[in-house]
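Shown here: run02.cif, mmCIF, C-alpha atoms.
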data_run
#
loop_
_atom_site.label_atom_id
_atom_site.label_comp_id
_atom_site.auth_asym_id
_atom_site.auth_seq_id
_atom_site.Cartn_x
_atom_site.Cartn_y
_atom_site.Cartn_z
CA MET F 786 -8.97 208.30 106.27
CA ILE F 787 -9.04 205.10 108.24
CA GLU F 788 -12.28 204.09 106.48
CA GLU F 789 -10.52 204.47 103.16
CA VAL F 790 -7.63 202.26 104.37
CA ARG F 791 -10.06 199.60 105.58
CA ARG F 792 -11.94 199.70 102.29
CA LEU F 793 -8.76 199.33 100.27
CA ALA F 794 -7.50 196.55 102.51
CA LYS F 795 -10.79 194.72 102.03
CA GLU F 796 -10.55 195.18 98.29
CA TRP F 797 -7.00 193.80 98.23
CA LEU F 798 -7.95 190.79 100.33
CA GLU F 799 -11.09 190.02 98.32
CA SER F 800 -9.38 190.34 94.95
CA ARG F 801 -6.57 188.11 96.24
CA LYS F 802 -4.04 190.77 95.38
CA VAL F 803 -2.52 189.87 98.72
CA ASP F 804 -3.09 186.81 100.86
CA ALA F 805 -2.85 188.66 104.14
CA ILE F 806 -2.26 192.15 105.39
CA VAL F 807 -0.01 193.18 108.23
CA GLY F 808 -1.34 196.19 110.05
CA LEU F 809 -2.07 197.48 113.49
CA ARG F 810 -5.07 196.21 115.38
CA LYS F 811 -6.70 197.83 118.35
CA ASN F 812 -7.84 195.18 120.74
CA ASN F 813 -9.15 196.04 124.21
CA GLY F 814 -7.41 199.40 123.97
CA HIS F 815 -4.03 197.91 123.09
CA VAL F 816 -2.44 198.47 119.72
CA ALA F 817 -0.19 195.81 118.22
CA PRO F 818 0.72 194.43 114.80
CA TYR F 819 -1.68 191.84 113.52
CA LEU F 820 -1.96 189.62 110.47
CA PHE F 821 -5.33 190.25 108.87
CA THR F 822 -6.31 187.22 106.84
CA GLY F 823 -10.08 187.73 106.59
CA THR F 824 -12.19 190.76 105.80
CA SER F 825 -14.32 190.36 108.93
CA GLU F 826 -11.60 191.57 111.27
CA LEU F 827 -10.77 194.71 109.35
CA ASP F 828 -12.99 196.86 111.56
CA SER F 829 -10.35 196.81 114.26
CA LEU F 830 -7.61 197.96 111.88
CA VAL F 831 -5.98 201.25 112.87
CA ILE F 832 -3.09 203.38 111.69
CA SER F 833 -0.42 204.50 114.10
CA SER F 834 -0.90 208.13 114.95
CA HIS F 835 0.62 210.25 117.62
CA THR F 836 -2.24 212.72 117.57
CA GLY F 837 -4.94 210.07 117.70
CA ASP F 838 -3.18 208.41 120.62
CA ILE F 839 -2.76 205.19 118.70
CA ILE F 840 0.74 204.34 119.75
CA PRO F 841 1.81 200.72 119.36
CA LYS F 842 4.17 199.33 121.98
CA TYR F 843 6.07 197.53 119.27
CA SER F 844 6.06 197.59 115.51
CA MET F 845 6.22 194.95 112.81
CA PHE F 846 9.90 195.70 112.37
CA ASN F 847 10.85 194.74 115.90
CA LYS F 848 12.85 191.58 116.15
CA SER F 849 11.09 188.79 117.93
CA GLN F 850 13.11 187.97 121.03
CA ARG F 851 13.03 184.31 120.20
CA TYR F 852 13.93 184.23 116.52
CA LYS F 853 15.95 187.46 116.37
CA LYS F 854 14.28 188.46 113.12
CA ASN F 855 11.48 190.89 112.28
CA ILE F 856 7.91 189.69 111.88
CA LEU F 857 7.78 190.26 108.12
CA TYR F 858 10.88 188.16 107.57
CA LEU F 859 9.44 185.37 109.72
CA LEU F 860 6.15 185.49 107.79
CA GLU F 861 7.96 185.33 104.47
CA GLN F 862 9.93 182.35 105.69
CA LYS F 863 6.94 180.51 107.09
CA TYR F 864 4.63 181.04 104.10
CA PRO F 865 6.96 180.94 101.11
CA LYS F 866 4.35 181.38 98.37
CA THR F 867 2.18 184.12 99.80
CA LYS F 868 2.09 187.78 98.98
CA ILE F 869 1.92 189.93 102.07
CA GLY F 870 0.35 193.35 102.19
CA VAL F 871 1.79 195.90 104.56
CA ILE F 872 0.10 199.09 105.65
CA ALA F 873 2.94 201.58 105.61
CA ARG F 874 3.36 205.26 106.29
CA GLY F 875 6.30 207.20 104.90
CA CYS F 876 8.66 206.04 107.62
CA ASP F 877 7.46 202.43 107.40
CA GLU F 878 8.12 202.43 103.67
CA LYS F 879 11.62 203.79 104.20
CA THR F 880 12.19 201.06 106.76
CA LEU F 881 11.03 198.37 104.34
CA ILE F 882 13.41 199.64 101.69
CA GLU F 883 16.30 199.93 104.10
CA LEU F 884 15.75 196.43 105.49
CA ALA F 885 15.39 194.96 102.01
CA LYS F 886 18.67 196.60 101.05
CA ARG F 887 20.32 194.83 103.93
CA ASN F 888 18.76 191.44 103.21
CA GLN F 889 16.43 191.49 106.18
CA LEU F 890 13.32 190.90 104.08
CA ASP F 891 12.25 190.35 100.49
CA LEU F 892 10.51 193.39 99.06
CA GLU F 893 9.32 191.46 95.99
CA ARG F 894 6.83 189.58 98.10
CA ILE F 895 5.45 192.58 99.87
CA ALA F 896 2.70 194.83 98.58
CA ILE F 897 2.76 198.22 100.24
CA LEU F 898 -0.52 199.91 101.04
CA ALA F 899 0.90 203.39 101.28
CA VAL F 900 -0.70 205.90 103.59
CA ALA F 901 0.25 209.57 103.80
CA CYS F 902 0.23 211.14 107.23
CA THR F 903 -1.75 214.22 108.20
CA LYS F 904 -0.17 217.55 108.97
CA GLU F 905 -0.83 217.15 112.71
CA ASP F 906 0.93 213.80 112.74
CA ALA F 907 3.87 215.24 110.83
CA ILE F 908 4.21 218.07 113.34
CA ASN F 909 3.91 215.69 116.25
CA CYS F 910 6.56 213.38 114.84
CA ARG F 911 8.74 216.34 113.68
CA CYS F 912 8.83 214.44 110.41
CA PRO F 913 10.35 216.09 107.32
CA THR F 914 8.81 213.63 104.83
CA PRO F 915 5.43 212.36 106.11
CA TYR F 916 4.54 210.66 102.85
CA PRO F 917 5.59 207.49 100.99
CA THR F 918 6.88 207.61 97.41
CA ARG F 919 3.54 206.40 96.05
CA ILE F 920 0.36 207.25 97.91
CA ASP F 921 -2.72 205.00 98.05
CA VAL F 922 -4.62 206.77 100.79
CA GLY F 923 -4.41 210.32 102.04
CA LYS F 924 -2.94 213.52 100.71
CA ARG F 925 0.66 214.55 100.52
CA VAL F 926 1.44 217.29 103.00
CA GLU F 927 4.80 218.92 103.46
CA GLY F 928 6.64 218.00 106.62
CA VAL F 929 8.51 219.98 109.19
CA SER F 930 11.69 221.37 107.72
CA SER F 931 13.55 222.75 110.73
CA ASP F 932 13.77 221.35 114.20
CA ILE F 933 14.04 223.46 117.35
CA ASN F 934 16.11 220.93 119.26
CA VAL F 935 18.60 220.55 116.43
CA GLU F 936 19.02 224.30 116.06
CA ALA F 937 19.42 224.66 119.81
CA LEU F 938 22.13 222.00 119.92
CA LEU F 939 23.99 223.52 116.99
CA LYS F 940 24.08 226.89 118.79
CA LYS F 941 25.86 225.38 121.78
CA ASN F 942 29.64 225.18 121.96
CA LEU F 943 31.43 221.90 122.60
CA GLU F 944 31.45 222.19 126.38
CA GLN F 945 27.78 223.07 126.55
CA ARG F 946 26.95 220.22 124.23
CA PHE F 947 28.80 217.75 126.39
CA SER F 948 27.16 218.91 129.59
CA PHE F 949 23.80 218.83 127.82
CA TRP F 950 24.30 215.22 126.78
CA LYS F 951 25.80 214.31 130.12
CA HIS F 952 22.63 215.49 131.77
CA GLU F 953 20.32 213.87 129.24
CA LEU F 954 22.12 210.54 129.01
CA GLY F 955 22.55 210.42 132.77
CA LYS F 956 18.81 209.94 133.05
CA CYS F 957 19.00 206.66 131.12
CA ILE F 958 17.72 203.63 132.99
CA LYS F 959 19.10 201.20 130.41
CA CYS F 960 15.74 199.77 129.46
CA TYR F 961 17.04 199.09 125.93
CA GLY F 962 13.72 200.43 124.66
CA CYS F 963 15.35 202.59 121.98
CA ARG F 964 17.19 199.62 120.60
CA ASN F 965 14.23 197.27 120.76
CA VAL F 966 11.92 199.64 118.98
CA CYS F 967 14.45 200.75 116.36
CA PRO F 968 13.57 199.40 112.91
CA ALA F 969 17.18 199.82 111.78
CA CYS F 970 18.61 197.67 114.59
CA TYR F 971 18.69 194.10 113.43
CA CYS F 972 22.00 192.62 114.65
CA GLU F 973 21.47 189.25 116.26
CA ASP F 974 24.18 189.88 118.83
CA CYS F 975 23.90 193.41 120.06
CA ALA F 976 27.05 195.32 121.00
CA MET F 977 25.06 197.08 123.69
CA GLU F 978 24.92 193.75 125.50
CA ASN F 979 28.64 193.18 125.24
CA ASP F 980 30.76 193.72 128.32
CA LEU F 981 33.67 194.74 126.12
CA TRP F 982 32.00 198.04 125.32
CA THR F 983 29.77 198.74 128.26
CA LYS F 984 29.18 197.02 131.58
CA MET F 985 25.89 195.18 131.66
CA GLY F 986 23.44 195.94 134.44
CA GLU F 987 25.19 198.99 135.84
CA LEU F 988 23.64 202.36 136.37
CA PRO F 989 24.18 205.12 135.44
CA PRO F 990 25.29 203.97 131.98
CA ASP F 991 28.76 204.70 130.63
CA ILE F 992 28.57 208.13 129.06
CA PRO F 993 28.82 208.30 126.11
CA MET F 994 29.75 204.71 125.30
CA PHE F 995 26.41 203.03 125.94
CA HIS F 996 24.40 205.26 123.63
CA LEU F 997 27.15 205.89 121.16
CA ILE F 998 27.19 202.20 120.20
CA ARG F 999 23.72 202.47 118.72
CA TRP F 1000 24.21 205.98 117.40
CA TYR F 1001 27.16 204.91 115.36
CA HIS F 1002 25.66 201.58 114.32
CA VAL F 1003 22.57 203.08 112.76
CA ALA F 1004 24.37 206.17 111.42
CA ASP F 1005 23.81 205.30 107.78
CA ARG F 1006 20.61 203.33 108.26
CA CYS F 1007 18.56 205.68 110.41
CA ILE F 1008 15.40 206.72 108.60
CA GLU F 1009 14.50 209.33 111.17
CA CYS F 1010 11.25 207.77 112.32
CA GLY F 1011 11.76 208.96 115.88
CA GLU F 1012 10.49 205.74 117.41
CA CYS F 1013 13.45 205.65 119.82
CA GLU F 1014 12.61 209.03 121.25
CA LYS F 1015 8.93 208.10 121.61
CA ALA F 1016 9.85 204.85 123.31
CA CYS F 1017 12.24 206.44 125.78
CA PRO F 1018 10.69 206.49 129.26
CA VAL F 1019 12.97 209.29 130.46
CA ASP F 1020 12.65 211.50 127.37
CA ILE F 1021 16.20 211.57 126.09
CA PRO F 1022 16.09 213.69 122.91
CA LEU F 1023 17.44 210.95 120.69
CA LEU F 1024 15.79 212.19 117.52
CA THR F 1025 17.98 215.30 117.71
CA ILE F 1026 21.18 213.32 117.26
CA PHE F 1027 19.70 211.19 114.49
CA LYS F 1028 18.43 214.22 112.60
CA LEU F 1029 21.96 215.60 112.77
CA LEU F 1030 23.48 212.28 111.73
CA ARG F 1031 21.16 211.95 108.77
CA ARG F 1032 22.06 215.47 107.73
CA ASP F 1033 25.76 214.60 108.02
CA ILE F 1034 25.42 211.43 105.96
CA LYS F 1035 23.59 213.44 103.30
CA GLU F 1036 26.34 216.05 103.32
CA LEU F 1037 29.23 213.60 103.30
CA PHE F 1038 27.99 210.93 100.93
CA ASP F 1039 24.95 212.45 99.24
CA TYR F 1040 23.03 209.47 100.52
CA GLU F 1041 19.76 209.12 102.36
CA ALA F 1042 18.69 205.87 103.90
CA GLY F 1043 15.44 204.29 102.82
CA LEU F 1044 14.94 205.97 99.48
CA ASP F 1045 16.22 203.50 96.93
CA THR F 1046 16.98 199.78 97.22
CA LYS F 1047 19.68 200.10 94.59
CA GLN F 1048 21.72 202.71 96.42
CA GLU F 1049 24.42 200.98 98.41
CA ALA F 1050 25.07 201.96 101.99
CA PRO F 1051 28.00 204.41 101.89
CA LEU F 1052 29.83 202.99 104.90
CA LEU F 1053 30.15 199.61 103.17
CA THR F 1054 31.60 200.81 99.89
CA THR F 1055 34.97 202.18 98.82
CA LEU F 1056 35.77 205.83 98.34
CA ASP F 1057 35.58 205.37 94.57
CA GLU F 1058 32.07 203.95 94.71
CA THR F 1059 30.66 206.53 97.11
CA PRO F 1060 33.00 209.50 97.25
CA LEU F 1061 33.42 211.42 100.46
CA LYS F 1062 32.71 215.14 100.34
CA GLU F 1063 34.36 217.10 103.09
CA MET I 1097 40.93 196.13 125.70
CA VAL I 1098 44.35 197.53 126.30
CA SER I 1099 44.75 199.41 129.54
CA LEU I 1100 46.41 202.74 129.19
CA GLY I 1101 48.16 202.46 132.54
CA ASP I 1102 48.83 205.29 134.93
CA ARG I 1103 49.37 208.73 133.61
CA GLU I 1104 52.94 209.87 133.93
CA VAL I 1105 52.29 213.44 134.93
CA LYS I 1106 49.09 214.24 136.74
CA ASN I 1107 46.90 216.75 135.04
CA ASP I 1108 47.35 220.01 136.94
CA GLY I 1109 46.75 222.25 133.97
CA HIS I 1110 50.34 223.31 133.30
CA ASP I 1111 52.54 220.47 132.22
CA LEU I 1112 49.89 218.25 130.77
CA GLU I 1113 51.24 215.13 129.21
CA PRO I 1114 48.40 213.58 127.28
CA ILE I 1115 48.44 210.01 126.18
CA ILE I 1116 48.09 209.54 122.47
CA VAL I 1117 46.95 206.15 121.28
CA ALA I 1118 48.12 205.39 117.77
CA PHE I 1119 46.43 202.51 116.01
CA CYS I 1120 48.88 201.50 113.31
CA CYS I 1121 48.11 199.09 110.55
CA ASN I 1122 50.45 196.15 110.35
CA TRP I 1123 51.54 196.66 106.77
CA CYS I 1124 52.37 200.34 106.44
CA ALA I 1125 51.98 202.49 109.53
CA TYR I 1126 53.53 200.05 111.99
CA ALA I 1127 56.46 199.50 109.65
CA SER I 1128 56.89 203.26 109.36
CA ALA I 1129 56.92 203.58 113.15
CA ASP I 1130 59.51 200.84 113.17
CA LEU I 1131 61.54 202.70 110.58
CA ALA I 1132 61.29 205.89 112.60
CA GLY I 1133 62.73 203.95 115.53
CA VAL I 1134 65.49 202.29 113.56
CA SER I 1135 66.46 205.59 111.92
CA ARG I 1136 66.49 207.21 115.38
CA ILE I 1137 64.02 209.90 114.46
CA GLN I 1138 62.68 211.57 117.60
CA TYR I 1139 58.97 211.63 118.26
CA PRO I 1140 57.10 212.39 121.50
CA PRO I 1141 56.93 209.58 124.05
CA ASN I 1142 53.24 210.33 124.57
CA VAL I 1143 52.42 208.16 121.60
CA ARG I 1144 51.46 204.58 122.49
CA ILE I 1145 51.36 202.36 119.47
CA ILE I 1146 48.85 199.57 119.11
CA ARG I 1147 49.30 197.34 116.12
CA VAL I 1148 46.17 196.30 114.26
CA MET I 1149 46.10 194.27 111.08
CA CYS I 1150 44.34 196.97 109.09
CA SER I 1151 42.94 200.42 109.77
CA GLY I 1152 39.67 199.08 108.41
CA GLU I 1153 39.65 196.48 111.15
CA LEU I 1154 39.26 199.21 113.72
CA SER I 1155 35.77 199.73 115.05
CA PRO I 1156 35.01 203.39 115.79
CA LEU I 1157 33.87 202.12 119.18
CA VAL I 1158 37.49 201.23 119.97
CA VAL I 1159 38.49 204.80 119.26
CA VAL I 1160 35.79 206.12 121.58
CA LYS I 1161 36.72 203.58 124.21
CA ALA I 1162 40.31 204.81 124.11
CA LEU I 1163 39.10 208.39 124.62
CA VAL I 1164 36.80 207.31 127.44
CA GLN I 1165 39.61 205.45 129.17
CA GLY I 1166 41.73 208.57 129.31
CA ALA I 1167 43.53 208.99 126.01
CA GLY I 1168 43.93 212.64 125.04
CA GLY I 1169 43.81 211.82 121.38
CA VAL I 1170 43.64 208.90 119.00
CA LEU I 1171 45.65 208.52 115.83
CA VAL I 1172 44.50 206.07 113.20
CA LEU I 1173 47.27 205.37 110.74
CA GLY I 1174 47.00 203.20 107.68
CA CYS I 1175 48.36 202.68 104.22
CA HIS I 1176 47.87 205.31 101.54
CA ILE I 1177 44.57 205.09 99.68
CA GLY I 1178 44.99 202.49 96.98
CA ASP I 1179 47.83 200.70 98.76
CA CYS I 1180 45.77 198.81 101.33
CA HIS I 1181 46.91 195.26 101.83
CA TYR I 1182 43.24 194.25 101.98
CA GLN I 1183 42.19 196.39 99.00
CA LYS I 1184 39.66 198.65 100.67
CA GLY I 1185 40.31 198.61 104.41
CA ASN I 1186 41.54 202.19 104.54
CA HIS I 1187 38.58 203.39 102.44
CA LEU I 1188 36.27 202.03 105.12
CA ALA I 1189 38.40 203.47 107.93
CA LYS I 1190 38.35 206.92 106.34
CA LYS I 1191 34.56 206.91 106.03
CA ARG I 1192 34.01 205.55 109.49
CA MET I 1193 36.29 208.05 111.17
CA THR I 1194 34.72 210.94 109.26
CA VAL I 1195 31.25 209.94 110.46
CA LEU I 1196 32.58 209.33 113.97
CA LYS I 1197 34.14 212.78 114.07
CA ARG I 1198 30.82 214.36 113.17
CA LEU I 1199 29.15 212.30 115.86
CA LEU I 1200 31.74 213.32 118.47
CA ASP I 1201 31.21 216.93 117.47
CA HIS I 1202 27.48 216.70 118.15
CA LEU I 1203 28.21 214.96 121.41
CA GLY I 1204 30.52 217.71 122.60
CA ILE I 1205 33.88 216.00 122.26
CA ASP I 1206 36.37 217.89 120.13
CA PRO I 1207 36.64 216.00 116.81
CA ARG I 1208 40.25 217.15 116.51
CA ARG I 1209 41.10 214.50 119.11
CA VAL I 1210 40.73 211.89 116.40
CA ARG I 1211 42.96 212.02 113.38
CA ILE I 1212 43.22 209.60 110.52
CA ASP I 1213 46.22 209.74 108.24
CA TRP I 1214 48.21 207.65 105.84
CA VAL I 1215 51.87 206.70 106.10
CA SER I 1216 53.64 204.16 103.95
CA ALA I 1217 56.25 201.75 105.28
CA SER I 1218 59.09 203.94 103.97
CA GLU I 1219 57.87 207.15 105.57
CA GLY I 1220 59.46 207.00 109.03
CA ASP I 1221 59.95 210.75 109.00
CA LYS I 1222 56.30 211.35 108.15
CA PHE I 1223 55.25 209.14 111.05
CA ALA I 1224 57.40 211.14 113.46
CA GLN I 1225 56.09 214.37 112.01
CA ILE I 1226 52.44 213.35 112.40
CA ALA I 1227 53.09 212.12 115.94
CA THR I 1228 54.78 215.42 116.90
CA GLU I 1229 52.14 217.60 115.29
CA PHE I 1230 49.28 215.67 116.80
CA THR I 1231 50.79 215.64 120.29
CA GLU I 1232 51.29 219.41 120.14
CA GLU I 1233 47.70 219.87 119.04
CA ILE I 1234 46.33 217.70 121.83
CA LYS I 1235 48.46 219.53 124.39
CA LYS I 1236 46.94 222.78 123.19
CA LEU I 1237 43.42 221.35 123.46
CA GLY I 1238 43.99 220.44 127.10
CA PRO I 1239 42.17 217.73 129.00
CA SER I 1240 39.10 216.40 127.27
CA SER I 1241 35.57 216.79 128.59
CA LEU I 1242 35.52 213.02 129.06
CA GLU I 1243 38.43 213.24 131.51
CA ALA I 1244 36.90 216.10 133.43
CA LYS I 1245 33.97 213.81 134.11
CA SER I 1246 36.02 211.09 135.78
CA SER I 1247 37.92 213.40 138.14
#

Would you mind giving the structure from this file in structure tokens?
Amino acid sequence: MIEEVRRLAKEWLESRKVDAIVGLRKNNGHVAPYLFTGTSELDSLVISSHTGDIIPKYSMFNKSQRYKKNILYLLEQKYPKTKIGVIARGCDEKTLIELAKRNQLDLERIAILAVACTKEDAINCRCPTPYPTRIDVGKRVEGVSSDINVEALLKKNLEQRFSFWKHELGKCIKCYGCRNVCPACYCEDCAMENDLWTKMGELPPDIPMFHLIRWYHVADRCIECGECEKACPVDIPLLTIFKLLRRDIKELFDYEAGLDTKQEAPLLTTLDETPLKE
Amino acid sequence: MVSLGDREVKNDGHDLEPIIVAFCCNWCAYASADLAGVSRIQYPPNVRIIRVMCSGELSPLVVVKALVQGAGGVLVLGCHIGDCHYQKGNHLAKKRMTVLKRLLDHLGIDPRRVRIDWVSASEGDKFAQIATEFTEEIKKLGPSSLEAKSS
């Protein structure tokens, strides 16, 4: 599959359909986003895969610490007349749509090279939709519909749930990895770094305040990519809560993040525009 | 952040006196609380009123912070839908609190500890009624799991 992606990327670059392609590059064993401008480098292009052990430490949607904006936005700003290709899986495409909806990048200037994930990857990511809306490379496979962790949490009563989370969140070492890797987190001033909500630099973190800040913030933007859970060094089952939140948002507002740029985020509209179903 | 002060009666399981934080919007709910006072309608002293300009101003994080700092329950009171002084503040508040309640439920905090309701400036009796009902409910629920953690 990766050969096919490389071939298509080469074709796009040669035909000047795009001026450059953002993808992952494996260099000396490390995987990181890279701007491919020439066809000669395309041999080192890889696709993120949990099964193939190609796990990037950061993605193209991470904010740069210095400019507080994601890489694609910075590229668009720096090269105003170029068309940028992006190699995107299902979750990456959802992210692009969600960020475009919230004015974090301009989707008009991005050409998506859409890649469908394999069944193994989908199972590894516990992904319900491992395919983009339009597929360039790969075959559409159905994702995982039910999640063991979610079912297990729903079976617990309130007390058990709280002690479960107390245990899980108590492990947190406040590395801020979940926030840094989250494609939906784009605030320039993060509430998780605000002493009003949670004391900086103190361990263990305030339960549940520290985590709840991000949980609530991304409630209607989370695209269920699971990057936070993969990034977590102490294995807090974060994807569980986001799967539940996404289900709730679907139930309450009949809205799913990352599907359509025209759909407005339900938490920003009035009850008449996006009715609440309880 | 407003400190909730010392609890009046220590929690020994029997005569639990929870603290209820009521965030009242300046235009309707606070005026109704005022009216309840002026009309000498009784409502439980557990309720501590905090005036905010609009229910839509309230971040859900403030509600959680109140619960974390020892409030037994949080009331969010605003104008009736359609009567918001800022057009759509209470629409936003309603949506936010609904999502927050779901989130609290998954987290293991009883979502009944948060209640959002509407009272207009002329409804002093309704304010007192909501305050009484809610206090009774919180008393029945007992101390929250968040409090059990701190002791």

Subject >> Counting only C-alpha atoms, chain I residues within 10 Å of chain F, as JSON, numbers by chain >> reply: {"I": [1097, 1156, 1157, 1158, 1160, 1161, 1164, 1177, 1178, 1183, 1184, 1185, 1186, 1187, 1188, 1189, 1190, 1191, 1192, 1194, 1195, 1196, 1198, 1199, 1200, 1201, 1202, 1203, 1204, 1205, 1206, 1207, 1240, 1241, 1242, 1245]}

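Proximity to F:Ala1050 was assessed for F:Lys842, F:Lys886, F:Arg792, F:His815 counting all atoms listed in the file; the smallest distance is recorded for F:Lys886.
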
Extending 5 Å beyond the listed atoms of stretch 948-967 of chain F on each side, what axis-aligned box results? I want centre and edge lengths in Å to one decimal, as JSON.
{"center_x": 19.5, "center_y": 208.1, "center_z": 124.7, "size_x": 25.2, "size_y": 31.6, "size_z": 26.7}

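Between atom CA of I:His1176 and atom CA of I:Ile1234 there is a distance of 23.8 Å.
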
**OP:** Taking the file above as input, evaluate the PyMOL selection byres ((chain F and resi 805) around 12) and report the hits as JSON, numbers by chain.
**Re:** {"F": [794, 795, 796, 797, 798, 799, 800, 801, 802, 803, 804, 806, 807, 808, 819, 820, 821, 822, 823, 824, 826, 827, 857, 860, 861, 864, 866, 867, 868, 869, 870, 871, 872, 894, 895, 896, 897, 898]}

Subject >> Selection result for the PyMOL selection byres ((chain F and resi 789) around 12) on this file, as a list in words >> reply: Met786, Ile787, Glu788, Val790, Arg791, Arg792, Leu793, Ala794, Lys795, Glu796, Leu827, Asp828, Leu830, Val831, Ile832, Leu898, Ala899, Val900, Ala901, Asp921, Val922 and Gly923 of chain F

Original post:
So which residues touch F:Glu905 within 9 Å, counting only C-alpha atoms, skipping near sequence neighbours fewer than 5 positions away, as JSON, numbers by chain?
Top reply: {"F": [835, 836, 910]}

Original post:
Taking the file as shown, what set of residues would the PyMOL selection byres ((chain F and resi 889) around 9) give back, as number ranges by chain?
Top reply: F: 854-855, 857-858, 881, 883-888, 890-891, 971

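Computed from the coordinates, the atom CA of I:Asp1221 to atom CA of I:Asp1130 distance equals 10.8 Å.
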
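Across the structure, atom CA of F:Cys902 and atom CA of F:Val929 are spaced 12.3 Å apart.
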
**OP:** Write out as JSON, numbers by chain which residues come within 6 Å of stretch 1167-1170 of chain I when counting only C-alpha atoms, dropping same-chain ones fewer than 2 positions away.
**Re:** {"I": [1114, 1115, 1116, 1117, 1118, 1162, 1163, 1209, 1210]}

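For stretch 1126-1129 of chain I, the residues within 7 Å (counting all atoms listed in the file, excluding itself and residues fewer than 5 positions away along the chain) are Cys1120, Cys1121, Arg1147, Val1215, Ser1216, Ala1217, Ser1218, Glu1219, Gly1220 and Phe1223 of chain I.
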
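The shortest atom-to-atom distance to F:Arg999, with all atoms listed in the file taken into account, belongs to F:Cys970 out of F:Ala1016, F:Ala873, F:Ala907, F:Cys970.
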
Kindly write C-alpha atoms of stretch 870-886 of chain F from the structure just given to a file, as a short mmCIF file (atom, residue, chain, number, x, y, z; two decimals), in the first residue's frame.
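Result saved to selection.cif:
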data_model
loop_
_atom_site.label_atom_id
_atom_site.label_comp_id
_atom_site.auth_asym_id
_atom_site.auth_seq_id
_atom_site.Cartn_x
_atom_site.Cartn_y
_atom_site.Cartn_z
CA GLY F 870 -0.94 18.05 -0.48
CA VAL F 871 -1.61 16.20 2.72
CA ILE F 872 -1.45 12.47 3.18
CA ALA F 873 -4.44 11.78 5.38
CA ARG F 874 -6.09 8.75 6.91
CA GLY F 875 -9.71 8.81 8.02
CA CYS F 876 -8.91 10.51 11.31
CA ASP F 877 -6.54 13.01 9.68
CA GLU F 878 -9.25 13.99 7.23
CA LYS F 879 -11.75 14.50 10.04
CA THR F 880 -9.18 16.66 11.79
CA LEU F 881 -8.64 18.77 8.69
CA ILE F 882 -12.37 19.35 8.36
CA GLU F 883 -12.80 20.13 12.03
CA LEU F 884 -9.88 22.58 12.05
CA ALA F 885 -11.10 24.25 8.86
CA LYS F 886 -14.51 24.66 10.45
#
